[in-house]
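To be precise, the following lines are my_file.cif, and they hold mmCIF, C-alpha atoms and all ligand atoms.
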data_run
loop_
_atom_site.label_atom_id
_atom_site.label_comp_id
_atom_site.auth_asym_id
_atom_site.auth_seq_id
_atom_site.Cartn_x
_atom_site.Cartn_y
_atom_site.Cartn_z
CA MET X 1 8.51 -2.98 113.83
CA HIS X 2 6.03 -0.12 114.12
CA LEU X 3 4.08 1.91 111.55
CA LEU X 4 4.14 5.32 113.23
CA SER X 5 4.28 7.31 109.99
CA ASP X 6 4.43 6.63 106.26
CA PHE X 7 8.16 7.34 106.43
CA ASP X 8 8.57 3.99 108.24
CA LEU X 9 7.90 2.07 105.01
CA THR X 10 10.12 1.62 101.96
CA ARG X 11 8.75 0.96 98.50
CA ASN X 12 9.59 -2.75 98.83
CA GLU X 13 7.83 -2.95 102.16
CA ILE X 14 4.69 -1.27 100.78
CA ASP X 15 4.80 -3.71 97.85
CA GLY X 16 4.98 -6.60 100.35
CA ILE X 17 1.98 -5.33 102.34
CA LEU X 18 -0.08 -4.71 99.18
CA ASP X 19 0.76 -8.19 97.81
CA LEU X 20 -0.36 -9.77 101.05
CA SER X 21 -3.53 -7.65 101.14
CA GLU X 22 -4.40 -8.70 97.59
CA LYS X 23 -3.90 -12.36 98.46
CA ILE X 24 -6.11 -12.10 101.55
CA LYS X 25 -8.84 -10.25 99.63
CA ALA X 26 -8.77 -12.89 96.87
CA ASP X 27 -9.13 -15.80 99.31
CA PRO X 28 -10.07 -14.67 102.86
CA ALA X 29 -10.87 -18.24 104.02
CA LYS X 30 -7.24 -19.22 103.50
CA TYR X 31 -6.30 -16.69 106.20
CA GLY X 32 -9.14 -17.62 108.57
CA ASP X 33 -6.70 -18.76 111.29
CA ALA X 34 -3.87 -16.37 110.51
CA MET X 35 -4.42 -14.32 113.69
CA LYS X 36 -5.81 -17.17 115.81
CA ASN X 37 -5.28 -16.50 119.53
CA LYS X 38 -3.95 -13.01 118.69
CA THR X 39 -5.41 -9.84 120.16
CA LEU X 40 -5.32 -6.28 118.83
CA ILE X 41 -5.96 -3.38 121.21
CA MET X 42 -7.48 -0.33 119.52
CA LEU X 43 -6.87 2.92 121.41
CA PHE X 44 -9.03 5.84 120.34
CA GLU X 45 -8.81 9.47 121.38
CA LEU X 46 -10.98 10.56 118.45
CA ALA X 47 -14.18 9.15 116.95
CA SER X 48 -14.02 6.72 114.03
CA LEU X 49 -16.30 4.65 111.83
CA ARG X 50 -13.99 3.12 109.21
CA THR X 51 -10.79 2.65 111.22
CA ARG X 52 -12.50 1.06 114.17
CA ILE X 53 -14.83 -1.28 112.30
CA SER X 54 -12.38 -2.28 109.58
CA PHE X 55 -9.68 -3.25 112.09
CA GLU X 56 -12.13 -5.18 114.26
CA ALA X 57 -13.79 -6.96 111.33
CA GLY X 58 -10.37 -7.76 109.83
CA MET X 59 -9.15 -9.33 113.06
CA ASN X 60 -12.36 -11.39 113.29
CA LEU X 61 -11.94 -12.63 109.71
CA MET X 62 -8.44 -13.86 110.56
CA GLY X 63 -9.60 -15.70 113.70
CA GLY X 64 -8.26 -13.06 116.10
CA HIS X 65 -9.86 -10.61 118.48
CA ALA X 66 -9.91 -6.80 118.79
CA ILE X 67 -10.57 -4.72 121.91
CA PHE X 68 -11.73 -1.10 121.78
CA TYR X 69 -10.39 1.22 124.48
CA SER X 70 -11.07 4.94 124.74
CA ILE X 71 -8.29 7.24 125.91
CA GLU X 72 -8.42 10.96 126.57
CA GLY X 73 -5.90 13.77 126.77
CA GLY X 74 -2.99 11.43 125.98
CA ASN X 75 -3.57 9.42 129.14
CA PHE X 76 -5.20 6.18 130.20
CA THR X 77 -7.90 6.14 132.86
CA ARG X 78 -7.14 7.76 136.21
CA SER X 79 -4.30 9.73 134.58
CA GLU X 80 -2.04 6.72 134.12
CA THR X 81 0.68 7.86 131.71
CA LEU X 82 0.74 6.60 128.15
CA GLU X 83 4.05 4.83 128.79
CA ASP X 84 2.85 3.01 131.91
CA GLY X 85 -0.40 1.99 130.21
CA ILE X 86 1.49 0.60 127.21
CA LYS X 87 3.86 -1.38 129.47
CA ASN X 88 0.73 -3.16 130.75
CA LEU X 89 -0.66 -3.75 127.27
CA ASN X 90 2.66 -5.33 126.20
CA LYS X 91 1.78 -8.20 128.55
CA TYR X 92 -1.76 -8.82 127.23
CA VAL X 93 -1.99 -8.27 123.49
CA ASN X 94 -0.05 -8.83 120.26
CA CYS X 95 -0.50 -5.49 118.51
CA ILE X 96 -1.56 -1.90 119.28
CA MET X 97 -3.45 0.37 116.91
CA ALA X 98 -3.88 3.91 118.22
CA ARG X 99 -5.70 6.98 116.93
CA VAL X 100 -4.32 9.83 119.00
CA LEU X 101 -4.48 13.56 118.46
CA LYS X 102 -0.76 14.24 118.55
CA GLN X 103 1.99 12.55 116.54
CA GLU X 104 4.27 12.87 119.58
CA ASP X 105 1.84 10.61 121.49
CA ILE X 106 2.02 7.81 118.91
CA GLU X 107 5.82 8.14 119.08
CA ARG X 108 5.62 7.79 122.88
CA ILE X 109 3.44 4.69 122.48
CA GLY X 110 5.97 3.27 120.03
CA SER X 111 8.84 3.91 122.44
CA ALA X 112 7.12 2.06 125.30
CA ALA X 113 5.79 -0.84 123.21
CA THR X 114 7.53 -4.18 122.76
CA ILE X 115 4.82 -5.25 120.28
CA PRO X 116 3.99 -3.66 116.88
CA VAL X 117 2.24 -0.27 116.98
CA ILE X 118 0.10 1.05 114.13
CA ASN X 119 -0.77 4.72 113.68
CA GLY X 120 -4.57 4.82 113.18
CA MET X 121 -4.33 8.58 112.44
CA THR X 122 -2.76 11.57 114.13
CA GLU X 123 -2.86 15.24 113.17
CA VAL X 124 0.19 14.66 110.93
CA TYR X 125 -0.19 11.23 109.29
CA HIS X 126 -2.82 8.66 108.24
CA PRO X 127 -0.71 5.75 106.94
CA CYS X 128 -3.43 3.06 107.06
CA GLN X 129 -5.55 5.25 104.82
CA ASN X 130 -2.74 5.51 102.30
CA LEU X 131 -2.18 1.74 102.19
CA ALA X 132 -5.88 1.26 101.40
CA ASP X 133 -5.67 4.04 98.81
CA LEU X 134 -2.70 2.43 97.07
CA LEU X 135 -4.49 -0.93 97.04
CA THR X 136 -7.52 0.75 95.47
CA ILE X 137 -5.53 2.62 92.83
CA LYS X 138 -3.68 -0.58 91.90
CA GLU X 139 -7.00 -2.43 91.54
CA TYR X 140 -8.47 0.16 89.18
CA LYS X 141 -5.37 1.14 87.23
CA GLY X 142 -3.39 -2.12 87.29
CA LYS X 143 -0.25 -0.28 88.40
CA LEU X 144 1.04 2.61 90.52
CA GLU X 145 4.32 3.62 88.88
CA GLY X 146 3.97 6.57 86.55
CA LEU X 147 0.42 7.54 87.46
CA LYS X 148 -0.48 11.10 88.45
CA ILE X 149 -2.51 11.80 91.57
CA ALA X 150 -3.92 15.28 92.17
CA TYR X 151 -4.70 15.90 95.84
CA VAL X 152 -7.24 18.74 95.80
CA GLY X 153 -8.07 20.76 98.93
CA ASP X 154 -6.20 21.07 102.21
CA GLY X 155 -2.59 20.35 101.29
CA GLY X 156 -1.45 20.68 104.90
CA CYS X 157 -3.57 17.95 106.49
CA ASN X 158 -2.69 14.42 107.60
CA THR X 159 -4.28 12.69 104.60
CA ALA X 160 -2.41 14.98 102.21
CA ASN X 161 0.86 14.18 103.99
CA SER X 162 0.30 10.43 103.82
CA THR X 163 -0.80 10.64 100.17
CA MET X 164 2.32 12.59 99.24
CA ILE X 165 4.68 10.21 101.05
CA GLY X 166 3.07 6.88 100.13
CA CYS X 167 2.21 7.65 96.51
CA SER X 168 5.60 9.22 95.75
CA SER X 169 7.33 6.22 97.35
CA MET X 170 5.57 4.02 94.79
CA GLY X 171 6.73 6.13 91.83
CA MET X 172 3.54 8.11 91.34
CA GLY X 173 3.65 11.80 90.44
CA VAL X 174 1.90 13.84 93.13
CA THR X 175 0.42 17.31 92.63
CA VAL X 176 -1.11 19.05 95.62
CA VAL X 177 -3.76 21.51 94.45
CA CYS X 178 -4.53 23.92 97.26
CA PRO X 179 -5.14 27.57 98.17
CA ASP X 180 -2.06 29.82 98.18
CA HIS X 181 -1.67 29.98 101.95
CA PRO X 182 1.07 28.34 104.07
CA LYS X 183 -1.49 26.67 106.35
CA TYR X 184 -3.29 25.01 103.44
CA SER X 185 -0.13 23.99 101.56
CA PRO X 186 2.33 21.15 102.28
CA SER X 187 4.90 22.17 104.88
CA HIS X 188 8.50 22.70 103.77
CA GLU X 189 9.51 20.16 106.41
CA ILE X 190 7.34 17.40 104.89
CA LEU X 191 8.48 18.21 101.34
CA ALA X 192 12.14 18.04 102.40
CA LYS X 193 11.59 14.77 104.27
CA ILE X 194 9.92 13.22 101.20
CA GLU X 195 12.87 14.19 99.02
CA GLU X 196 15.22 12.64 101.55
CA HIS X 197 13.02 9.51 101.91
CA ASN X 198 12.47 8.59 98.26
CA GLY X 199 14.02 11.33 96.12
CA SER X 200 10.65 12.66 94.90
CA GLU X 201 9.67 16.25 94.33
CA ILE X 202 6.04 17.03 95.01
CA THR X 203 4.36 19.58 92.73
CA VAL X 204 2.27 22.24 94.44
CA SER X 205 -0.30 24.11 92.34
CA HIS X 206 -2.69 26.85 93.39
CA ASP X 207 -4.66 26.63 90.14
CA PRO X 208 -7.33 23.89 90.27
CA VAL X 209 -7.70 23.48 86.48
CA SER X 210 -4.03 23.11 85.57
CA GLY X 211 -3.43 21.20 88.82
CA VAL X 212 -5.76 18.33 87.87
CA ALA X 213 -4.77 18.25 84.16
CA GLY X 214 -3.66 14.74 83.22
CA ALA X 215 -4.60 13.28 86.61
CA ASP X 216 -5.32 9.55 86.80
CA VAL X 217 -6.56 9.99 90.36
CA ILE X 218 -8.32 12.99 91.89
CA TYR X 219 -8.30 12.86 95.67
CA THR X 220 -10.01 15.14 98.15
CA ASP X 221 -10.76 15.29 101.86
CA VAL X 222 -12.63 17.55 104.26
CA TRP X 223 -11.72 21.24 104.41
CA VAL X 224 -11.97 21.39 108.21
CA SER X 225 -10.20 18.48 109.89
CA ALA X 226 -10.71 17.50 113.53
CA GLY X 227 -9.15 20.07 115.86
CA MET X 228 -9.43 22.92 113.30
CA GLU X 229 -13.00 23.95 114.10
CA GLU X 230 -11.97 27.47 115.20
CA GLU X 231 -10.58 28.04 111.67
CA LYS X 232 -13.83 26.96 110.00
CA LYS X 233 -14.97 30.42 108.80
CA LYS X 234 -11.64 31.24 107.12
CA ARG X 235 -11.39 27.81 105.56
CA MET X 236 -14.94 28.01 104.17
CA GLU X 237 -13.90 31.21 102.38
CA ALA X 238 -10.60 29.83 101.01
CA PHE X 239 -11.56 26.37 99.75
CA PRO X 240 -14.66 26.66 97.47
CA PRO X 241 -12.56 27.14 94.26
CA PHE X 242 -11.02 23.74 95.12
CA GLN X 243 -14.31 21.84 95.23
CA VAL X 244 -14.22 18.54 93.31
CA ASN X 245 -17.21 18.99 91.01
CA THR X 246 -18.06 17.79 87.49
CA LYS X 247 -16.42 20.80 85.88
CA LEU X 248 -13.12 20.14 87.65
CA VAL X 249 -13.18 16.38 87.02
CA SER X 250 -13.82 17.03 83.30
CA LYS X 251 -10.48 18.92 83.16
CA ALA X 252 -8.45 15.86 84.14
CA LYS X 253 -8.52 14.01 80.81
CA PRO X 254 -9.46 15.30 77.34
CA ASP X 255 -12.26 12.76 76.84
CA CYS X 256 -13.58 12.90 80.38
CA ILE X 257 -17.31 13.36 79.98
CA VAL X 258 -19.74 15.06 82.33
CA MET X 259 -21.05 12.25 84.38
CA ASN X 260 -24.29 10.70 85.38
CA THR X 261 -24.86 7.33 86.95
CA HIS X 262 -25.76 5.75 83.58
CA ASN X 263 -22.53 6.63 81.82
CA LYS X 264 -20.16 3.76 81.27
CA VAL X 265 -16.59 4.81 81.91
CA ASP X 266 -13.38 2.82 81.63
CA LEU X 267 -11.75 3.48 84.98
CA ALA X 268 -8.44 2.05 83.80
CA LYS X 269 -8.22 5.03 81.42
CA GLN X 270 -10.43 7.70 82.95
CA PRO X 271 -9.72 9.45 86.26
CA ILE X 272 -10.94 7.86 89.45
CA VAL X 273 -12.17 10.10 92.27
CA MET X 274 -11.18 9.21 95.82
CA HIS X 275 -12.06 10.55 99.27
CA CYS X 276 -10.77 9.44 102.66
CA LEU X 277 -14.32 9.84 104.14
CA PRO X 278 -16.32 11.03 105.93
CA ALA X 279 -17.34 13.38 103.08
CA HIS X 280 -19.10 16.68 103.46
CA ARG X 281 -21.22 16.56 100.33
CA GLY X 282 -21.70 19.95 98.72
CA TYR X 283 -18.43 21.26 100.15
CA GLU X 284 -15.19 19.50 99.10
CA ILE X 285 -17.11 17.13 96.77
CA THR X 286 -20.48 17.41 95.08
CA ASP X 287 -23.19 14.72 95.13
CA GLU X 288 -22.88 14.50 91.37
CA VAL X 289 -19.20 13.47 91.58
CA MET X 290 -19.53 11.37 94.73
CA ASP X 291 -22.31 9.28 93.11
CA SER X 292 -20.77 9.21 89.63
CA PRO X 293 -19.15 6.23 87.89
CA TYR X 294 -15.77 7.92 88.46
CA SER X 295 -16.12 7.72 92.24
CA VAL X 296 -14.49 4.74 93.95
CA VAL X 297 -14.87 6.10 97.48
CA PHE X 298 -16.79 3.16 98.94
CA GLU X 299 -14.53 0.54 97.36
CA GLN X 300 -11.67 2.59 98.84
CA ALA X 301 -13.34 2.49 102.28
CA GLY X 302 -13.83 -1.27 101.89
CA ASN X 303 -10.15 -1.67 101.14
CA ARG X 304 -9.29 -0.23 104.56
CA MET X 305 -10.08 -3.69 105.93
CA TRP X 306 -8.06 -5.71 103.39
CA ALA X 307 -5.04 -3.40 103.51
CA GLN X 308 -4.99 -3.44 107.31
CA MET X 309 -5.33 -7.23 107.38
CA GLY X 310 -2.26 -7.35 105.17
CA LEU X 311 -0.48 -4.89 107.45
CA LEU X 312 -1.40 -6.78 110.64
CA LEU X 313 -0.08 -10.05 109.22
CA TRP X 314 3.04 -8.42 107.78
CA LEU X 315 3.86 -6.85 111.17
CA GLN X 316 3.50 -10.20 112.96
CA ASP X 317 6.20 -11.83 110.81
N1 LIG E 401 -11.07 7.66 106.83
C1 LIG E 401 -11.11 7.40 108.15
O1 LIG E 401 -10.08 7.29 108.83
O2 LIG E 401 -12.36 7.23 108.64
P1 LIG E 401 -12.74 7.17 110.19
O3 LIG E 401 -12.40 8.52 110.78
O4 LIG E 401 -14.21 6.88 110.23
O5 LIG E 401 -11.94 6.08 110.85
#
Translate the structure described by the file into structure tokens.
Amino acid sequence: MHLLSDFDLTRNEIDGILDLSEKIKADPAKYGDAMKNKTLIMLFELASLRTRISFEAGMNLMGGHAIFYSIEGGNFTRSETLEDGIKNLNKYVNCIMARVLKQEDIERIGSAATIPVINGMTEVYHPCQNLADLLTIKEYKGKLEGLKIAYVGDGGCNTANSTMIGCSSMGMGVTVVCPDHPKYSPSHEILAKIEEHNGSEITVSHDPVSGVAGADVIYTDVWVSAGMEEEKKKRMEAFPPFQVNTKLVSKAKPDCIVMNTHNKVDLAKQPIVMHCLPAHRGYEITDEVMDSPYSVVFEQAGNRMWAQMGLLLWLQD
């Protein structure tokens, strides 16, 4: 089985991966040999801190090994096609994780692979991020079903897509809070596929204040994703009203106080603030929110490793 997009997983399957991730996190030593003599190849067409290190460290913790390999322009070195390269890798390793620019390239990798393939992010999906996000939300809130997540910012990006699919699959209500522009809103195609996948309707709001009202989770990501640099000027004009700042966070729950690092907040009841990272402080999120007691962004980043360890083991079964 492959994880090429979030649509590859049912609610039961996500539950299984999260259960396994929680067990590994609670007692990593018990899984110290779980990937013994197993090798993960990590193909990267785009830079990474979290994805690369969390996969490699996770494999090490389970007694396995990870190899980094850089690819460019959808090809291996000396223009060897993706398919031919993968047919070689099938003979050497047990699993492939690839961060490629185009979703069609991860699909090509999946078609040529006889071993599990994991999407480490494309321009359309970021499923490993969502698994870590769900693990984090479950840790702080004790459940997923019935919670509301407000995704604030670029509603058309890969992280927004994966958030909508994964969170709605788990019975969460999802509101995408974004500028009123087709490029910055969820595509009709994704919304229709979600309805077909798990029967959920995603709410789209262009008003930040009403969009975050009642949110248990406020999520944001960069306004200019990789590959969108030529749109930077227009995006910088459209997105400032959607900045996650103290004023916006205070609108989520009636007793949500303006924060400082000394406030004690009950994160089971108050909103948590999440970010896929890297963050551009002062743009999509302020320092004040990022460093507040509501922010769980570094715990979320840490959970990339535990969630992916669960995924790697689950895919080997
Ligand atoms: N969130 C995330 O995927 O981070 P990296 O780009 O550093 O891997």
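A straight line drawn from CA of Arg304 (chain X) to CA of Thr246 (chain X) is 26.3 Å long.
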Determine the axis-aligned bounding box of all atoms of region 228-238 of chain X present in the file, pad each side by 4 Å, and express its centre and edge lengths in Å to one decimal place as lines of an AutoDock Vina configuration file.
center_x = -12.2
center_y = 27.1
center_z = 108.1
size_x = 13.5
size_y = 16.3
size_z = 22.2
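Residues in contact with Ala279 (chain X) at 10 Å, where all atoms listed in the file are counted and same-chain residues fewer than 2 positions away are skipped, are listed as X:Thr220, X:Asp221, X:Val222, X:Trp223, X:His275, X:Cys276, X:Leu277, X:Arg281, X:Gly282, X:Tyr283, X:Glu284, X:Ile285, X:Thr286, X:Asp287, X:Met290, X:Val297.
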For those residues, write C-alpha atoms to a file as a tab-separated table (two decimals), keeping the file's coordinate frame.
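Resulting contents of part_38.tsv:
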chain	number	residue	atom	x	y	z
X	220	THR	CA	-10.01	15.14	98.15
X	221	ASP	CA	-10.76	15.29	101.86
X	222	VAL	CA	-12.63	17.55	104.26
X	223	TRP	CA	-11.72	21.24	104.41
X	275	HIS	CA	-12.06	10.55	99.27
X	276	CYS	CA	-10.77	9.44	102.66
X	277	LEU	CA	-14.32	9.84	104.14
X	281	ARG	CA	-21.22	16.56	100.33
X	282	GLY	CA	-21.70	19.95	98.72
X	283	TYR	CA	-18.43	21.26	100.15
X	284	GLU	CA	-15.19	19.50	99.10
X	285	ILE	CA	-17.11	17.13	96.77
X	286	THR	CA	-20.48	17.41	95.08
X	287	ASP	CA	-23.19	14.72	95.13
X	290	MET	CA	-19.53	11.37	94.73
X	297	VAL	CA	-14.87	6.10	97.48
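Proximity ranking of X:Asn88, X:Ser168, X:Thr39, X:Thr163 relative to Phe76 (chain X) places X:Asn88 first, based on only C-alpha atoms.
Using only C-alpha atoms, the residues found no farther than 9 Å from Gly73 (chain X), other than those of its own chain fewer than 5 positions away, are Glu45, Ser79, Val100 and Leu101 of chain X.
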Excluding same-chain residues fewer than 4 positions from region 14-31 of chain X, what lies within 12 Å of it counting all atoms listed in the file, as JSON, numbers by chain? {"X": [3, 6, 7, 8, 9, 10, 35, 36, 58, 59, 60, 61, 62, 63, 64, 127, 128, 130, 131, 132, 133, 134, 135, 136, 137, 138, 139, 143, 144, 145, 165, 166, 167, 168, 169, 170, 171, 302, 303, 304, 305, 306, 307, 308, 309, 310, 311, 312, 313, 314, 315, 316, 317]}
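Take CA of Pro241 (chain X) and CA of Ser295 (chain X): the distance between them is 19.8 Å.
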Each chain X residue no farther than 7 Å from ligand LIG 401 (chain E), nearest pair in Å, all atoms listed in the file, as a Markdown table:
| residue | atom | partner | partner_atom | distance |
| --- | --- | --- | --- | --- |
| X:Ala47 | CA | E:LIG401 | O3 | 6.5 |
| X:Ser48 | CA | E:LIG401 | O4 | 3.8 |
| X:Leu49 | CA | E:LIG401 | O4 | 3.4 |
| X:Arg50 | CA | E:LIG401 | O4 | 3.9 |
| X:Thr51 | CA | E:LIG401 | O5 | 3.6 |
| X:Arg52 | CA | E:LIG401 | O5 | 6.0 |
| X:Met121 | CA | E:LIG401 | O1 | 6.9 |
| X:Gln129 | CA | E:LIG401 | N1 | 6.3 |
| X:Cys276 | CA | E:LIG401 | N1 | 4.5 |
| X:Leu277 | CA | E:LIG401 | N1 | 4.7 |
| X:Pro278 | CA | E:LIG401 | O2 | 6.1 |
Who sits within 7 Å of region 107-112 of chain X, all atoms listed in the file, same chain under 5 positions skipped, as a short mmCIF file (atom, residue, chain, number, x, y, z; two decimals) with C-alpha atoms, in the frame of the given file:
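Output file result06.cif is given in full below:
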data_model
loop_
_atom_site.label_atom_id
_atom_site.label_comp_id
_atom_site.auth_asym_id
_atom_site.auth_seq_id
_atom_site.Cartn_x
_atom_site.Cartn_y
_atom_site.Cartn_z
CA HIS X 2 6.03 -0.12 114.12
CA LEU X 4 4.14 5.32 113.23
CA LEU X 82 0.74 6.60 128.15
CA GLU X 83 4.05 4.83 128.79
CA ILE X 86 1.49 0.60 127.21
CA LYS X 87 3.86 -1.38 129.47
CA VAL X 117 2.24 -0.27 116.98
#
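Between CA of Val174 (chain X) and CA of Lys141 (chain X) there is a distance of 15.8 Å.
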May I have the protein, DNA and RNA residues with an atom at most 12 Å from (-2.9, 13.6, 112.4), counting all atoms listed in the file in the file's coordinates, returned as a PDB file with C-alpha atoms, in the coordinates of the input?
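Listing of part_33.pdb after writing:
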ATOM      1  CA  LEU X   4       4.140   5.320 113.230  1.00  0.00           C
ATOM      2  CA  SER X   5       4.280   7.310 109.990  1.00  0.00           C
ATOM      3  CA  ASP X   6       4.430   6.630 106.260  1.00  0.00           C
ATOM      4  CA  GLU X  45      -8.810   9.470 121.380  1.00  0.00           C
ATOM      5  CA  LEU X  46     -10.980  10.560 118.450  1.00  0.00           C
ATOM      6  CA  ALA X  98      -3.880   3.910 118.220  1.00  0.00           C
ATOM      7  CA  ARG X  99      -5.700   6.980 116.930  1.00  0.00           C
ATOM      8  CA  VAL X 100      -4.320   9.830 119.000  1.00  0.00           C
ATOM      9  CA  LEU X 101      -4.480  13.560 118.460  1.00  0.00           C
ATOM     10  CA  LYS X 102      -0.760  14.240 118.550  1.00  0.00           C
ATOM     11  CA  GLN X 103       1.990  12.550 116.540  1.00  0.00           C
ATOM     12  CA  GLU X 104       4.270  12.870 119.580  1.00  0.00           C
ATOM     13  CA  ASP X 105       1.840  10.610 121.490  1.00  0.00           C
ATOM     14  CA  ILE X 106       2.020   7.810 118.910  1.00  0.00           C
ATOM     15  CA  ASN X 119      -0.770   4.720 113.680  1.00  0.00           C
ATOM     16  CA  GLY X 120      -4.570   4.820 113.180  1.00  0.00           C
ATOM     17  CA  MET X 121      -4.330   8.580 112.440  1.00  0.00           C
ATOM     18  CA  THR X 122      -2.760  11.570 114.130  1.00  0.00           C
ATOM     19  CA  GLU X 123      -2.860  15.240 113.170  1.00  0.00           C
ATOM     20  CA  VAL X 124       0.190  14.660 110.930  1.00  0.00           C
ATOM     21  CA  TYR X 125      -0.190  11.230 109.290  1.00  0.00           C
ATOM     22  CA  HIS X 126      -2.820   8.660 108.240  1.00  0.00           C
ATOM     23  CA  PRO X 127      -0.710   5.750 106.940  1.00  0.00           C
ATOM     24  CA  CYS X 128      -3.430   3.060 107.060  1.00  0.00           C
ATOM     25  CA  GLN X 129      -5.550   5.250 104.820  1.00  0.00           C
ATOM     26  CA  GLY X 156      -1.450  20.680 104.900  1.00  0.00           C
ATOM     27  CA  CYS X 157      -3.570  17.950 106.490  1.00  0.00           C
ATOM     28  CA  ASN X 158      -2.690  14.420 107.600  1.00  0.00           C
ATOM     29  CA  THR X 159      -4.280  12.690 104.600  1.00  0.00           C
ATOM     30  CA  ALA X 160      -2.410  14.980 102.210  1.00  0.00           C
ATOM     31  CA  ASN X 161       0.860  14.180 103.990  1.00  0.00           C
ATOM     32  CA  SER X 162       0.300  10.430 103.820  1.00  0.00           C
ATOM     33  CA  SER X 225     -10.200  18.480 109.890  1.00  0.00           C
ATOM     34  CA  ALA X 226     -10.710  17.500 113.530  1.00  0.00           C
ATOM     35  CA  GLY X 227      -9.150  20.070 115.860  1.00  0.00           C
ATOM     36  CA  MET X 228      -9.430  22.920 113.300  1.00  0.00           C
TER      37      MET X 228
END
Take region 200-212 of chain X, model N, CA, C and O atoms, and hand the result over as a PDB file, in the frame of the given file.
ATOM      1  N   SER X 200      11.701  12.055  95.729  1.00  0.00           N
ATOM      2  CA  SER X 200      10.650  12.660  94.900  1.00  0.00           C
ATOM      3  C   SER X 200      10.452  14.132  95.207  1.00  0.00           C
ATOM      4  O   SER X 200      10.569  14.563  96.353  1.00  0.00           O
ATOM      5  N   GLU X 201      10.084  14.851  94.150  1.00  0.00           N
ATOM      6  CA  GLU X 201       9.670  16.250  94.330  1.00  0.00           C
ATOM      7  C   GLU X 201       8.169  16.317  94.131  1.00  0.00           C
ATOM      8  O   GLU X 201       7.638  15.841  93.117  1.00  0.00           O
ATOM      9  N   ILE X 202       7.494  16.888  95.086  1.00  0.00           N
ATOM     10  CA  ILE X 202       6.040  17.030  95.010  1.00  0.00           C
ATOM     11  C   ILE X 202       5.742  18.359  94.311  1.00  0.00           C
ATOM     12  O   ILE X 202       6.374  19.376  94.608  1.00  0.00           O
ATOM     13  N   THR X 203       4.763  18.335  93.385  1.00  0.00           N
ATOM     14  CA  THR X 203       4.360  19.580  92.730  1.00  0.00           C
ATOM     15  C   THR X 203       3.237  20.216  93.538  1.00  0.00           C
ATOM     16  O   THR X 203       2.313  19.522  93.973  1.00  0.00           O
ATOM     17  N   VAL X 204       3.342  21.527  93.749  1.00  0.00           N
ATOM     18  CA  VAL X 204       2.270  22.240  94.440  1.00  0.00           C
ATOM     19  C   VAL X 204       1.694  23.258  93.460  1.00  0.00           C
ATOM     20  O   VAL X 204       2.428  24.024  92.842  1.00  0.00           O
ATOM     21  N   SER X 205       0.363  23.202  93.278  1.00  0.00           N
ATOM     22  CA  SER X 205      -0.300  24.110  92.340  1.00  0.00           C
ATOM     23  C   SER X 205      -1.425  24.830  93.085  1.00  0.00           C
ATOM     24  O   SER X 205      -2.122  24.233  93.906  1.00  0.00           O
ATOM     25  N   HIS X 206      -1.574  26.110  92.783  1.00  0.00           N
ATOM     26  CA  HIS X 206      -2.690  26.850  93.390  1.00  0.00           C
ATOM     27  C   HIS X 206      -3.785  27.122  92.360  1.00  0.00           C
ATOM     28  O   HIS X 206      -4.694  27.903  92.615  1.00  0.00           O
ATOM     29  N   ASP X 207      -3.650  26.472  91.185  1.00  0.00           N
ATOM     30  CA  ASP X 207      -4.660  26.630  90.140  1.00  0.00           C
ATOM     31  C   ASP X 207      -5.372  25.294  89.941  1.00  0.00           C
ATOM     32  O   ASP X 207      -4.755  24.333  89.447  1.00  0.00           O
ATOM     33  N   PRO X 208      -6.647  25.186  90.321  1.00  0.00           N
ATOM     34  CA  PRO X 208      -7.330  23.890  90.270  1.00  0.00           C
ATOM     35  C   PRO X 208      -7.322  23.258  88.874  1.00  0.00           C
ATOM     36  O   PRO X 208      -7.076  22.057  88.747  1.00  0.00           O
ATOM     37  N   VAL X 209      -7.560  24.057  87.824  1.00  0.00           N
ATOM     38  CA  VAL X 209      -7.700  23.480  86.480  1.00  0.00           C
ATOM     39  C   VAL X 209      -6.383  22.894  85.982  1.00  0.00           C
ATOM     40  O   VAL X 209      -6.317  21.720  85.580  1.00  0.00           O
ATOM     41  N   SER X 210      -5.305  23.675  86.040  1.00  0.00           N
ATOM     42  CA  SER X 210      -4.030  23.110  85.570  1.00  0.00           C
ATOM     43  C   SER X 210      -3.513  22.058  86.543  1.00  0.00           C
ATOM     44  O   SER X 210      -2.823  21.112  86.158  1.00  0.00           O
ATOM     45  N   GLY X 211      -3.888  22.178  87.814  1.00  0.00           N
ATOM     46  CA  GLY X 211      -3.430  21.200  88.820  1.00  0.00           C
ATOM     47  C   GLY X 211      -3.960  19.797  88.572  1.00  0.00           C
ATOM     48  O   GLY X 211      -3.258  18.817  88.806  1.00  0.00           O
ATOM     49  N   VAL X 212      -5.193  19.680  88.093  1.00  0.00           N
ATOM     50  CA  VAL X 212      -5.760  18.330  87.870  1.00  0.00           C
ATOM     51  C   VAL X 212      -5.509  17.819  86.448  1.00  0.00           C
ATOM     52  O   VAL X 212      -5.816  16.659  86.156  1.00  0.00           O
TER      53      VAL X 212
END
